[in-house]
file start.cif (mmCIF, C-alpha atoms and all ligand atoms)
data_start
#
loop_
_atom_site.label_atom_id
_atom_site.label_comp_id
_atom_site.auth_asym_id
_atom_site.auth_seq_id
_atom_site.Cartn_x
_atom_site.Cartn_y
_atom_site.Cartn_z
CA MET S 1 -39.85 17.98 7.73
CA MET S 2 -37.15 17.23 10.29
CA GLU S 3 -38.61 13.80 10.83
CA ALA S 4 -38.61 13.13 7.11
CA LEU S 5 -34.93 14.06 6.91
CA LEU S 6 -34.06 11.87 9.84
CA LEU S 7 -35.94 9.02 8.28
CA LEU S 8 -34.10 9.51 4.99
CA GLY S 9 -30.78 9.49 6.80
CA PHE S 10 -31.72 6.31 8.56
CA VAL S 11 -32.78 4.61 5.33
CA ALA S 12 -29.52 5.64 3.64
CA VAL S 13 -27.45 4.03 6.38
CA VAL S 14 -29.48 0.83 6.32
CA VAL S 15 -29.32 0.52 2.53
CA GLY S 16 -25.54 1.00 2.59
CA THR S 17 -24.94 -1.99 4.84
CA VAL S 18 -25.15 -5.64 4.01
CA PRO S 19 -27.99 -7.36 5.81
CA GLY S 20 -26.38 -9.57 8.43
CA GLY S 21 -29.45 -11.05 10.07
CA GLN S 22 -29.36 -14.15 7.91
CA TYR S 23 -25.95 -15.02 9.42
CA ALA S 24 -26.85 -14.60 13.09
CA GLY S 25 -25.32 -17.47 15.06
CA ASP S 26 -23.34 -18.86 12.12
CA LYS S 27 -19.86 -19.96 13.11
CA VAL S 28 -16.69 -20.33 11.11
CA LEU S 29 -14.80 -23.47 12.11
CA ARG S 30 -11.33 -24.60 11.18
CA LEU S 31 -10.68 -28.30 11.11
CA LYS S 32 -8.11 -30.73 9.84
CA PRO S 33 -9.33 -34.17 8.75
CA GLU S 34 -6.50 -36.55 9.53
CA ASN S 35 -7.71 -39.74 7.91
CA GLU S 36 -10.19 -41.15 5.40
CA GLN S 37 -12.96 -41.66 8.01
CA GLN S 38 -12.86 -38.05 9.07
CA LEU S 39 -12.84 -36.91 5.45
CA GLN S 40 -15.85 -39.15 4.82
CA PHE S 41 -17.63 -37.59 7.78
CA LEU S 42 -17.02 -34.15 6.32
CA ARG S 43 -18.46 -35.32 2.97
CA GLU S 44 -21.61 -36.58 4.67
CA VAL S 45 -22.08 -33.33 6.55
CA ALA S 46 -21.58 -31.26 3.41
CA HIS S 47 -24.12 -33.48 1.71
CA THR S 48 -26.87 -32.84 4.24
CA VAL S 49 -26.17 -29.24 5.27
CA LYS S 50 -25.51 -26.22 3.08
CA ILE S 51 -22.02 -25.50 4.35
CA ASP S 52 -20.07 -22.55 3.01
CA PHE S 53 -16.48 -23.58 2.32
CA TRP S 54 -14.24 -20.56 2.83
CA GLN S 55 -10.81 -22.10 2.43
CA PRO S 56 -10.54 -24.15 0.26
CA PRO S 57 -13.68 -23.03 -1.60
CA SER S 58 -15.09 -26.51 -2.14
CA LEU S 59 -15.20 -29.95 -0.57
CA GLU S 60 -13.43 -31.60 -3.50
CA LEU S 61 -10.29 -29.61 -2.72
CA VAL S 62 -10.07 -30.89 0.84
CA THR S 63 -7.41 -33.55 1.41
CA THR S 64 -6.21 -35.36 4.53
CA ASN S 65 -4.25 -33.15 6.88
CA SER S 66 -5.11 -29.98 4.98
CA SER S 67 -6.79 -27.23 6.93
CA VAL S 68 -10.43 -26.36 6.18
CA ASP S 69 -12.37 -23.22 7.11
CA LEU S 70 -16.16 -23.62 7.05
CA ARG S 71 -19.09 -21.37 7.80
CA VAL S 72 -21.70 -23.53 9.49
CA PRO S 73 -25.33 -22.29 9.60
CA ALA S 74 -26.57 -21.43 13.09
CA GLY S 75 -29.17 -24.21 13.20
CA TRP S 76 -26.54 -26.90 12.65
CA VAL S 77 -23.69 -25.64 14.78
CA SER S 78 -24.28 -27.62 17.96
CA ASP S 79 -25.17 -30.80 16.07
CA ILE S 80 -22.06 -30.65 13.94
CA GLN S 81 -19.79 -29.68 16.83
CA SER S 82 -20.89 -32.64 18.89
CA GLN S 83 -20.50 -35.00 15.94
CA LEU S 84 -17.03 -33.63 15.31
CA GLU S 85 -16.08 -34.53 18.88
CA LYS S 86 -17.42 -38.07 18.40
CA THR S 87 -15.39 -38.51 15.22
CA GLY S 88 -12.32 -37.23 17.04
CA LEU S 89 -12.02 -34.39 14.55
CA LYS S 90 -10.48 -31.49 16.43
CA HIS S 91 -11.65 -28.03 15.47
CA ASP S 92 -11.08 -24.38 16.34
CA VAL S 93 -13.76 -21.72 16.27
CA LEU S 94 -12.43 -18.92 14.05
CA ILE S 95 -15.58 -16.80 14.20
CA ASP S 96 -18.06 -17.32 16.98
CA ASP S 97 -20.91 -15.28 15.50
CA VAL S 98 -20.68 -14.23 11.86
CA LYS S 99 -23.31 -11.50 12.22
CA THR S 100 -21.40 -9.74 15.01
CA VAL S 101 -18.12 -9.77 13.09
CA MET S 102 -19.92 -8.59 9.95
CA GLU S 103 -21.19 -5.55 11.77
CA LYS S 104 -17.78 -4.85 13.26
CA GLN S 105 -16.22 -4.95 9.82
CA PHE S 106 -17.34 -1.38 9.17
CA ASP S 107 -15.89 1.59 11.02
CA GLN S 108 -18.21 4.30 12.27
CA VAL S 109 -19.69 6.12 9.29
CA ASP S 110 -17.71 9.29 8.59
CA LEU S 111 -20.27 11.78 7.27
CA SER S 112 -18.08 14.87 7.60
CA SER S 113 -15.52 13.94 4.98
CA THR S 114 -16.19 14.68 1.33
CA ARG S 115 -12.88 13.15 0.21
CA TYR S 116 -12.93 9.60 -1.03
CA ASN S 117 -12.10 7.41 1.93
CA TYR S 118 -9.69 4.68 0.88
CA GLU S 119 -9.91 3.08 4.29
CA LYS S 120 -13.50 2.01 3.73
CA TYR S 121 -15.07 -0.66 1.57
CA HIS S 122 -17.10 0.88 -1.23
CA GLU S 123 -20.15 -0.20 -3.14
CA TRP S 124 -19.94 -0.51 -6.89
CA ILE S 125 -21.65 2.82 -7.67
CA GLU S 126 -19.11 4.60 -5.49
CA ILE S 127 -16.21 2.82 -7.15
CA GLU S 128 -17.61 3.63 -10.58
CA SER S 129 -17.85 7.36 -9.88
CA TRP S 130 -14.44 7.28 -8.16
CA MET S 131 -12.91 5.94 -11.39
CA ALA S 132 -14.44 8.72 -13.45
CA LYS S 133 -13.30 11.34 -10.98
CA ILE S 134 -9.71 10.20 -10.54
CA ALA S 135 -9.27 9.82 -14.30
CA THR S 136 -10.70 13.28 -15.00
CA GLU S 137 -8.56 14.89 -12.33
CA ASN S 138 -5.32 13.25 -13.49
CA PRO S 139 -5.44 13.29 -17.29
CA ARG S 140 -1.67 13.08 -17.70
CA LEU S 141 -1.42 9.93 -15.61
CA ILE S 142 -4.75 8.14 -15.96
CA SER S 143 -7.15 7.20 -18.67
CA TRP S 144 -10.06 4.84 -18.34
CA PHE S 145 -12.08 2.79 -20.75
CA ARG S 146 -14.63 0.03 -20.89
CA ILE S 147 -13.33 -3.46 -21.59
CA GLY S 148 -16.67 -5.21 -21.72
CA ARG S 149 -20.00 -5.74 -20.07
CA SER S 150 -20.98 -8.10 -17.29
CA TYR S 151 -23.71 -10.73 -17.56
CA GLU S 152 -26.16 -8.23 -16.07
CA HIS S 153 -25.04 -5.59 -18.60
CA ARG S 154 -22.90 -3.47 -16.34
CA ASN S 155 -19.75 -1.82 -17.64
CA ILE S 156 -16.41 -3.33 -16.71
CA PHE S 157 -13.77 -0.60 -16.60
CA ILE S 158 -10.01 -0.51 -16.75
CA LEU S 159 -7.71 2.30 -15.70
CA ARG S 160 -4.44 2.87 -17.50
CA VAL S 161 -2.00 4.41 -15.04
CA GLY S 162 1.35 5.79 -16.18
CA LYS S 163 2.97 8.91 -17.59
CA ARG S 164 1.82 9.58 -21.14
CA THR S 165 4.89 9.39 -23.34
CA GLY S 166 3.41 8.50 -26.69
CA ALA S 167 5.51 5.34 -26.79
CA THR S 168 4.38 1.79 -26.01
CA LYS S 169 5.74 1.10 -22.56
CA PRO S 170 6.22 -2.22 -20.82
CA THR S 171 2.91 -2.84 -19.06
CA ILE S 172 1.74 -4.58 -15.91
CA PHE S 173 -1.82 -5.85 -15.89
CA MET S 174 -3.47 -6.09 -12.48
CA ASP S 175 -7.02 -7.15 -11.66
CA CYS S 176 -9.07 -7.18 -8.48
CA GLY S 177 -12.50 -8.40 -7.47
CA MET S 178 -12.62 -11.60 -9.48
CA HIS S 179 -14.25 -13.32 -6.50
CA ALA S 180 -17.09 -11.22 -5.12
CA ARG S 181 -16.70 -11.75 -1.37
CA GLU S 182 -12.99 -10.86 -1.25
CA TRP S 183 -13.60 -7.17 -0.56
CA ILE S 184 -10.04 -6.28 0.39
CA SER S 185 -9.08 -6.95 -3.23
CA PRO S 186 -10.96 -4.03 -4.91
CA ALA S 187 -9.89 -1.89 -1.94
CA PHE S 188 -6.28 -2.62 -2.86
CA CYS S 189 -6.66 -1.77 -6.56
CA GLN S 190 -8.14 1.59 -5.54
CA TRP S 191 -5.34 2.16 -3.05
CA PHE S 192 -2.75 1.41 -5.72
CA VAL S 193 -4.20 4.03 -8.09
CA LYS S 194 -4.42 6.60 -5.28
CA GLU S 195 -0.78 5.98 -4.35
CA ALA S 196 0.26 6.36 -7.97
CA VAL S 197 -1.33 9.78 -8.40
CA GLU S 198 -0.39 11.05 -4.95
CA SER S 199 3.25 10.03 -5.08
CA TYR S 200 4.02 10.83 -8.71
CA GLY S 201 6.63 13.63 -8.68
CA LYS S 202 7.15 13.17 -4.94
CA ASN S 203 8.32 9.62 -4.42
CA CYS S 204 11.35 8.84 -6.54
CA SER S 205 10.65 5.13 -6.94
CA MET S 206 6.99 5.58 -7.92
CA THR S 207 7.86 8.41 -10.32
CA THR S 208 10.44 6.26 -12.09
CA LEU S 209 7.97 3.39 -12.34
CA LEU S 210 5.21 5.55 -13.82
CA ASN S 211 7.63 7.15 -16.27
CA ASN S 212 8.86 3.80 -17.52
CA LEU S 213 5.84 1.51 -17.17
CA ASP S 214 2.10 1.52 -17.65
CA PHE S 215 -0.27 -0.27 -15.30
CA LEU S 216 -3.60 -1.56 -16.50
CA VAL S 217 -5.83 -1.88 -13.45
CA VAL S 218 -9.28 -3.48 -13.33
CA PRO S 219 -10.61 -2.54 -9.87
CA VAL S 220 -13.59 -4.93 -10.03
CA VAL S 221 -13.74 -7.76 -12.58
CA ASN S 222 -16.83 -9.53 -11.26
CA VAL S 223 -19.08 -6.47 -10.95
CA ASP S 224 -22.38 -8.39 -10.71
CA GLY S 225 -21.06 -10.68 -8.01
CA TYR S 226 -19.57 -7.76 -6.08
CA ILE S 227 -22.92 -5.99 -6.01
CA TYR S 228 -24.64 -9.21 -4.98
CA SER S 229 -22.20 -9.58 -2.08
CA TRP S 230 -23.28 -6.11 -0.90
CA THR S 231 -27.00 -6.55 -1.32
CA LYS S 232 -27.99 -10.22 -0.99
CA ASP S 233 -25.29 -12.62 0.08
CA ARG S 234 -22.09 -11.36 1.69
CA PHE S 235 -20.34 -14.64 0.91
CA TRP S 236 -21.11 -14.85 -2.78
CA ARG S 237 -18.05 -15.86 -4.80
CA LYS S 238 -19.04 -16.57 -8.40
CA THR S 239 -20.37 -14.52 -11.30
CA ARG S 240 -24.16 -14.08 -11.62
CA SER S 241 -24.76 -15.80 -14.95
CA ARG S 242 -27.72 -18.16 -15.18
CA ASN S 243 -27.07 -21.85 -15.83
CA ARG S 244 -29.12 -24.15 -17.98
CA GLY S 245 -31.34 -26.73 -16.31
CA THR S 246 -30.77 -25.56 -12.74
CA VAL S 247 -31.65 -22.77 -10.37
CA CYS S 248 -28.01 -22.57 -9.29
CA VAL S 249 -26.44 -19.34 -10.45
CA GLY S 250 -22.91 -18.36 -11.39
CA THR S 251 -19.51 -19.63 -12.50
CA ASP S 252 -16.19 -19.42 -10.71
CA ALA S 253 -14.37 -16.80 -12.80
CA ASN S 254 -11.01 -18.17 -11.67
CA ARG S 255 -11.85 -21.61 -13.08
CA ASN S 256 -13.19 -20.28 -16.38
CA PHE S 257 -9.96 -19.28 -18.15
CA ASN S 258 -8.72 -21.42 -20.99
CA ALA S 259 -5.85 -23.08 -19.13
CA LYS S 260 -6.36 -26.88 -19.14
CA TRP S 261 -9.95 -25.83 -18.48
CA CYS S 262 -11.86 -27.93 -15.94
CA SER S 263 -9.30 -30.75 -15.91
CA VAL S 264 -8.55 -30.60 -12.17
CA GLY S 265 -9.67 -28.77 -9.02
CA ALA S 266 -12.83 -27.46 -10.64
CA SER S 267 -16.40 -28.71 -10.79
CA ARG S 268 -18.80 -29.46 -13.65
CA ASN S 269 -21.73 -28.94 -11.30
CA PRO S 270 -23.27 -25.44 -11.57
CA CYS S 271 -24.29 -25.63 -7.91
CA ASP S 272 -20.65 -25.81 -6.76
CA GLU S 273 -18.53 -22.83 -5.79
CA THR S 274 -15.80 -23.93 -8.19
CA TYR S 275 -18.08 -24.49 -11.21
CA CYS S 276 -15.89 -24.04 -14.29
CA GLY S 277 -18.72 -22.85 -16.57
CA SER S 278 -20.25 -24.36 -19.69
CA HIS S 279 -17.01 -23.80 -21.64
CA ALA S 280 -13.78 -21.84 -21.27
CA GLU S 281 -14.42 -18.09 -21.30
CA SER S 282 -18.17 -18.63 -21.08
CA GLU S 283 -18.20 -15.70 -18.64
CA LEU S 284 -18.26 -12.23 -20.20
CA GLU S 285 -16.13 -10.91 -17.34
CA VAL S 286 -13.43 -13.53 -18.02
CA LYS S 287 -13.55 -12.87 -21.76
CA ALA S 288 -13.15 -9.14 -21.13
CA VAL S 289 -9.95 -9.68 -19.12
CA ALA S 290 -8.56 -12.24 -21.57
CA ASN S 291 -9.30 -9.97 -24.55
CA VAL S 292 -7.30 -7.10 -23.08
CA ILE S 293 -4.32 -9.38 -22.46
CA ARG S 294 -4.59 -10.79 -25.99
CA LYS S 295 -4.90 -7.43 -27.73
CA TYR S 296 -2.78 -5.03 -25.70
CA LYS S 297 0.84 -4.93 -26.79
CA GLY S 298 3.59 -4.87 -24.22
CA ILE S 299 2.07 -6.68 -21.23
CA LYS S 300 5.05 -8.08 -19.35
CA ALA S 301 3.47 -9.04 -16.05
CA TYR S 302 0.08 -10.22 -14.81
CA ILE S 303 -0.99 -9.78 -11.19
CA THR S 304 -4.34 -10.89 -9.78
CA ILE S 305 -5.42 -9.94 -6.26
CA HIS S 306 -7.48 -12.31 -4.08
CA SER S 307 -7.96 -13.05 -0.41
CA TYR S 308 -7.48 -14.62 2.08
CA SER S 309 -4.44 -16.62 3.39
CA GLN S 310 -1.37 -14.39 2.83
CA MET S 311 0.29 -16.01 -0.12
CA CYS S 312 2.15 -15.07 -3.25
CA LEU S 313 1.51 -17.78 -5.82
CA PHE S 314 2.72 -18.34 -9.35
CA PRO S 315 2.13 -20.97 -12.09
CA TYR S 316 1.35 -23.67 -12.38
CA SER S 317 -1.93 -24.40 -10.67
CA TYR S 318 -3.14 -26.99 -13.18
CA THR S 319 -0.09 -29.25 -12.91
CA TYR S 320 2.72 -30.11 -10.54
CA SER S 321 5.19 -29.37 -13.35
CA LEU S 322 7.36 -26.35 -12.81
CA THR S 323 7.51 -23.52 -15.34
CA SER S 324 10.69 -23.05 -17.37
CA ASN S 325 11.39 -19.83 -15.44
CA TYR S 326 10.52 -21.34 -12.05
CA LYS S 327 13.75 -20.17 -10.43
CA GLU S 328 13.22 -16.58 -11.52
CA LEU S 329 9.55 -16.52 -10.43
CA ASN S 330 10.46 -18.06 -7.10
CA PHE S 331 13.21 -15.48 -6.62
CA ILE S 332 10.83 -12.59 -7.38
CA ALA S 333 8.12 -13.99 -5.10
CA ARG S 334 10.61 -14.46 -2.27
CA LYS S 335 11.85 -10.87 -2.58
CA ALA S 336 8.33 -9.44 -2.93
CA VAL S 337 7.18 -11.26 0.20
CA LYS S 338 10.27 -10.09 2.06
CA ALA S 339 9.59 -6.46 1.11
CA LEU S 340 5.98 -6.87 2.26
CA LYS S 341 7.01 -8.32 5.61
CA ASN S 342 9.42 -5.48 6.34
CA LEU S 343 6.59 -3.03 7.05
CA HIS S 344 4.36 -4.73 9.63
CA GLY S 345 5.91 -8.19 9.96
CA THR S 346 3.11 -9.89 8.00
CA GLN S 347 4.22 -13.35 6.90
CA TYR S 348 3.39 -14.68 3.45
CA THR S 349 4.08 -18.09 2.01
CA TYR S 350 5.01 -18.32 -1.67
CA GLY S 351 5.55 -20.86 -4.43
CA PRO S 352 3.80 -22.63 -7.32
CA ALA S 353 0.08 -22.79 -6.53
CA ALA S 354 -0.33 -26.56 -7.13
CA PHE S 355 2.18 -27.24 -4.36
CA ILE S 356 1.28 -24.45 -1.98
CA ILE S 357 -2.52 -24.82 -2.05
CA TYR S 358 -4.00 -27.47 -4.34
CA PRO S 359 -4.01 -28.23 -8.07
CA SER S 360 -6.72 -26.44 -10.01
CA ALA S 361 -7.26 -25.58 -13.66
CA GLY S 362 -8.78 -22.62 -15.48
CA GLY S 363 -7.04 -19.96 -13.40
CA SER S 364 -6.17 -16.55 -14.80
CA ASP S 365 -2.49 -16.62 -13.80
CA ASP S 366 -1.87 -19.95 -15.60
CA TRP S 367 -3.72 -18.72 -18.66
CA ALA S 368 -1.76 -15.43 -18.81
CA PHE S 369 1.49 -17.35 -18.35
CA ASP S 370 0.74 -19.81 -21.15
CA PHE S 371 -0.35 -16.94 -23.36
CA GLY S 372 3.14 -15.50 -22.98
CA VAL S 373 3.06 -13.22 -19.94
CA LYS S 374 5.97 -14.87 -18.19
CA TYR S 375 5.73 -12.92 -14.93
CA SER S 376 2.40 -14.02 -13.54
CA PHE S 377 1.37 -13.84 -9.87
CA THR S 378 -1.65 -14.40 -7.66
CA PHE S 379 -1.75 -12.62 -4.32
CA GLU S 380 -3.92 -13.85 -1.49
CA LEU S 381 -4.04 -10.88 0.88
CA ARG S 382 -4.77 -10.77 4.63
CA ASP S 383 -5.59 -12.46 6.85
CA THR S 384 -4.97 -16.11 7.77
CA GLY S 385 -8.49 -16.78 9.03
CA LYS S 386 -9.23 -14.66 12.08
CA TYR S 387 -11.67 -12.61 10.04
CA GLY S 388 -11.29 -14.24 6.63
CA PHE S 389 -13.54 -12.46 4.13
CA LEU S 390 -14.73 -10.15 6.92
CA LEU S 391 -11.41 -8.33 7.30
CA PRO S 392 -12.24 -5.14 9.23
CA GLU S 393 -11.87 -1.76 7.58
CA SER S 394 -9.22 -0.88 10.16
CA GLN S 395 -6.93 -3.35 8.33
CA ILE S 396 -7.37 -1.83 4.86
CA LYS S 397 -4.55 0.68 5.34
CA PRO S 398 -1.86 -1.66 6.72
CA THR S 399 -2.82 -4.38 4.23
CA CYS S 400 -2.60 -2.02 1.27
CA GLU S 401 0.59 -0.35 2.47
CA GLU S 402 2.44 -3.63 2.81
CA THR S 403 1.06 -5.00 -0.45
CA MET S 404 2.28 -1.85 -2.24
CA LEU S 405 5.82 -2.83 -1.29
CA ALA S 406 5.47 -6.26 -2.89
CA ILE S 407 3.95 -4.79 -6.06
CA ASN S 408 6.66 -2.13 -6.08
CA TYR S 409 9.32 -4.85 -5.98
CA ILE S 410 7.77 -6.76 -8.89
CA ALA S 411 7.22 -3.60 -10.94
CA THR S 412 10.79 -2.42 -10.40
CA TYR S 413 12.04 -5.84 -11.46
CA ILE S 414 9.95 -5.62 -14.65
CA ALA S 415 11.11 -2.05 -15.35
CA ASN S 416 14.75 -3.15 -15.11
CA LEU S 417 14.45 -6.12 -17.44
CA PRO S 418 16.77 -5.79 -20.44
C1 LIG Y 1 -1.91 -36.96 8.83
O1 LIG Y 1 -1.40 -36.58 10.09
C2 LIG Y 1 -1.42 -37.63 11.07
C3 LIG Y 1 -1.03 -37.04 12.40
O2 LIG Y 1 0.07 -36.17 12.29
C4 LIG Y 1 -0.49 -38.74 10.59
O3 LIG Y 1 -0.50 -39.80 11.53
C5 LIG Y 1 -0.98 -39.26 9.22
O4 LIG Y 1 -0.08 -40.22 8.72
C6 LIG Y 1 -1.10 -38.11 8.22
N1 LIG Y 1 -1.77 -38.61 7.02
C7 LIG Y 1 -1.35 -38.32 5.78
C8 LIG Y 1 -2.12 -38.90 4.66
O5 LIG Y 1 -0.42 -37.56 5.56
C1 LIG Y 2 8.47 5.58 -2.00
O1 LIG Y 2 7.67 4.46 -2.22
C2 LIG Y 2 8.31 3.23 -1.91
C3 LIG Y 2 7.41 2.11 -2.35
O2 LIG Y 2 6.08 2.29 -2.01
C4 LIG Y 2 8.62 3.19 -0.43
O3 LIG Y 2 9.28 2.01 -0.10
C5 LIG Y 2 9.48 4.39 -0.07
O4 LIG Y 2 9.67 4.44 1.33
C6 LIG Y 2 8.86 5.70 -0.53
N1 LIG Y 2 9.80 6.79 -0.33
C7 LIG Y 2 9.47 7.91 0.29
C8 LIG Y 2 10.54 8.95 0.37
O5 LIG Y 2 8.37 8.10 0.77
ZN ZN Y 3 -10.30 -15.47 -4.82
#
call {"tool": "encode", "arguments": {"input": "start.cif", "output": "structure tokens"}}
result
Amino acid sequence: MMEALLLLGFVAVVVGTVPGGQYAGDKVLRLKPENEQQLQFLREVAHTVKIDFWQPPSLELVTTNSSVDLRVPAGWVSDIQSQLEKTGLKHDVLIDDVKTVMEKQFDQVDLSSTRYNYEKYHEWIEIESWMAKIATENPRLISWFRIGRSYEHRNIFILRVGKRTGATKPTIFMDCGMHAREWISPAFCQWFVKEAVESYGKNCSMTTLLNNLDFLVVPVVNVDGYIYSWTKDRFWRKTRSRNRGTVCVGTDANRNFNAKWCSVGASRNPCDETYCGSHAESELEVKAVANVIRKYKGIKAYITIHSYSQMCLFPYSYTYSLTSNYKELNFIARKAVKALKNLHGTQYTYGPAAFIIYPSAGGSDDWAFDFGVKYSFTFELRDTGKYGFLLPESQIKPTCEETMLAINYIATYIANLP
């Protein structure tokens, strides 16, 4: 009997952790191709080896003198490193062994606590029951409903957070988990909701916000992908929809919105990480988000949470043109980033995405902006590459605390609009 229990406990722990064995010996390298030859070398390598582009997410987005973070499979590391030397392409090793860092990402399992631990990453089933629980326990502040189903028929939920007044209040829409592997993003959406319920009636600024605004929060947009990143491939980015005529699965949800769809910085090849899909809003997850923004009255701001690279971006991504309210957006981003930095000194860059990162079309912030939501922001949370997508759980709290200050600044700005 005792042995059976022990065995069960062991199985439970193993099931709850992403298998890391497949990444043993993989390295994450950062390099900066300085001329056309070096760029060409990178193209050849990416052609022969299945390299995982972390930042930017695909080869096509790499330009001369831009920095590139790559996960190189163990079997190719020494080959590629020596070839890099020959080409004169300098590189830093960001992560020496992906498997080791993956294991260190999780804190020791805390079995004693029955309270929801916001300083841990959670699987989808845990997040789903957390939503039900927090909504049931806070009926005057939170309601939740389904906004659609994923490709694999899972429910996509939204939480409405704000004091019930009966009136239509100005609303801020915020989504997390559009890209599966960016785990800090769903962790932040959960943190935000926790902070709202815990500080309502206690913290003056949060109370005022929740009295005057509603927040619509989607903790995980890309549910299928998120689950896949927990069970099969930690570095999965896209949705899990099947594509015609190929075994390659998934579409990049943040290239699938109807904003100059697939015109730049996106791929027509279903095997690429930035595949834009068969048509705009081909992804059920994308359609679900867009439908809420189309139908819900009073949405004044759109915020989408990604990682990593510590940036606050705003439209446009699909063009180098500036928006008509560029000065105002730039002012808000500057102030939000300043508020964020005040807590732990974390530095963010900010500006229009096409300039700050690279031009790309089909993004959710551009689409929301063109639809009429004139305050539209993309956050790329911690870090700047030391851990990348493998940000340790010990950084969930400081990351979320500082991000709250940026969101608080934007929300207060929206609440005070005439
Ligand atoms: C890239 O950087 C190198 C070294 O700083 C410089 O010589 C070169 O002109 C730059 N190339 C471009 C395209 O900016
Ligand atoms: C209330 O919350 C805001 C924003 O999160 C924070 O800056 C402020 O310090 C909090 N005030 C108190 C009294 O805790
Ligand atoms: Zn992302």
call {"tool": "atom_distance", "arguments": {"input": "start.cif", "atom1": "CA of Leu391 (chain S)", "atom2": "CA of Gln105 (chain S)"}}
result
6.4 Å
call {"tool": "residues_near_ligand", "arguments": {"input": "start.cif", "ligand": "ligand ZN 3 (chain Y)", "cutoff": "6 Å", "atoms": "all atoms listed in the file", "output": "VMD selection string"}}
result
chain S and resid 179 306 to 307
call {"tool": "closest_atom_pairs", "arguments": {"input": "start.cif", "of": "chain S", "to": "ligand LIG 1 (chain Y)", "cutoff": "8 Å", "atoms": "all atoms listed in the file", "output": "JSON lines"}}
result
{"residue": "S:Pro33", "atom": "CA", "partner": "Y:LIG1", "partner_atom": "C1", "distance": 7.9}
{"residue": "S:Glu34", "atom": "CA", "partner": "Y:LIG1", "partner_atom": "C1", "distance": 4.7}
{"residue": "S:Asn35", "atom": "CA", "partner": "Y:LIG1", "partner_atom": "N1", "distance": 6.1}
{"residue": "S:Thr64", "atom": "CA", "partner": "Y:LIG1", "partner_atom": "C8", "distance": 5.4}
{"residue": "S:Asn65", "atom": "CA", "partner": "Y:LIG1", "partner_atom": "C1", "distance": 4.9}
call {"tool": "residues_around", "arguments": {"input": "start.cif", "residues": "Leu42 (chain S)", "least_positions_apart": "4", "cutoff": "12 Å", "atoms": "only C-alpha atoms", "output": "ChimeraX atom specification"}}
result
/S:31-38,46-49,51,53,58-60,62-64,68-70,80-81,83-84,87,89
call {"tool": "residues_near_ligand", "arguments": {"input": "start.cif", "ligand": "ligand LIG 2 (chain Y)", "cutoff": "7 Å", "atoms": "all atoms listed in the file", "output": "ChimeraX atom specification"}}
result
/S:203-206,404-405,408
call {"tool": "atom_distance", "arguments": {"input": "start.cif", "atom1": "CA of Ala333 (chain S)", "atom2": "CA of Cys312 (chain S)"}}
result
6.3 Å
call {"tool": "atom_distance", "arguments": {"input": "start.cif", "atom1": "CA of Ala411 (chain S)", "atom2": "CA of Phe188 (chain S)"}}
result
15.8 Å
call {"tool": "closest_residue", "arguments": {"input": "start.cif", "among": "S:Pro186, S:Gly351, S:Gly277, S:Gly225", "to": "Ile332 (chain S)", "atoms": "all atoms listed in the file"}}
result
S:Gly351
call {"tool": "closest_residue", "arguments": {"input": "start.cif", "among": "S:Phe215, S:Trp124, S:Phe389, S:Trp236", "to": "Ile303 (chain S)", "atoms": "only C-alpha atoms"}}
result
S:Phe215
call {"tool": "closest_residue", "arguments": {"input": "start.cif", "among": "S:Ile357, S:Ile305, S:Leu340, S:Met311", "to": "Pro56 (chain S)", "atoms": "only C-alpha atoms"}}
result
S:Ile357
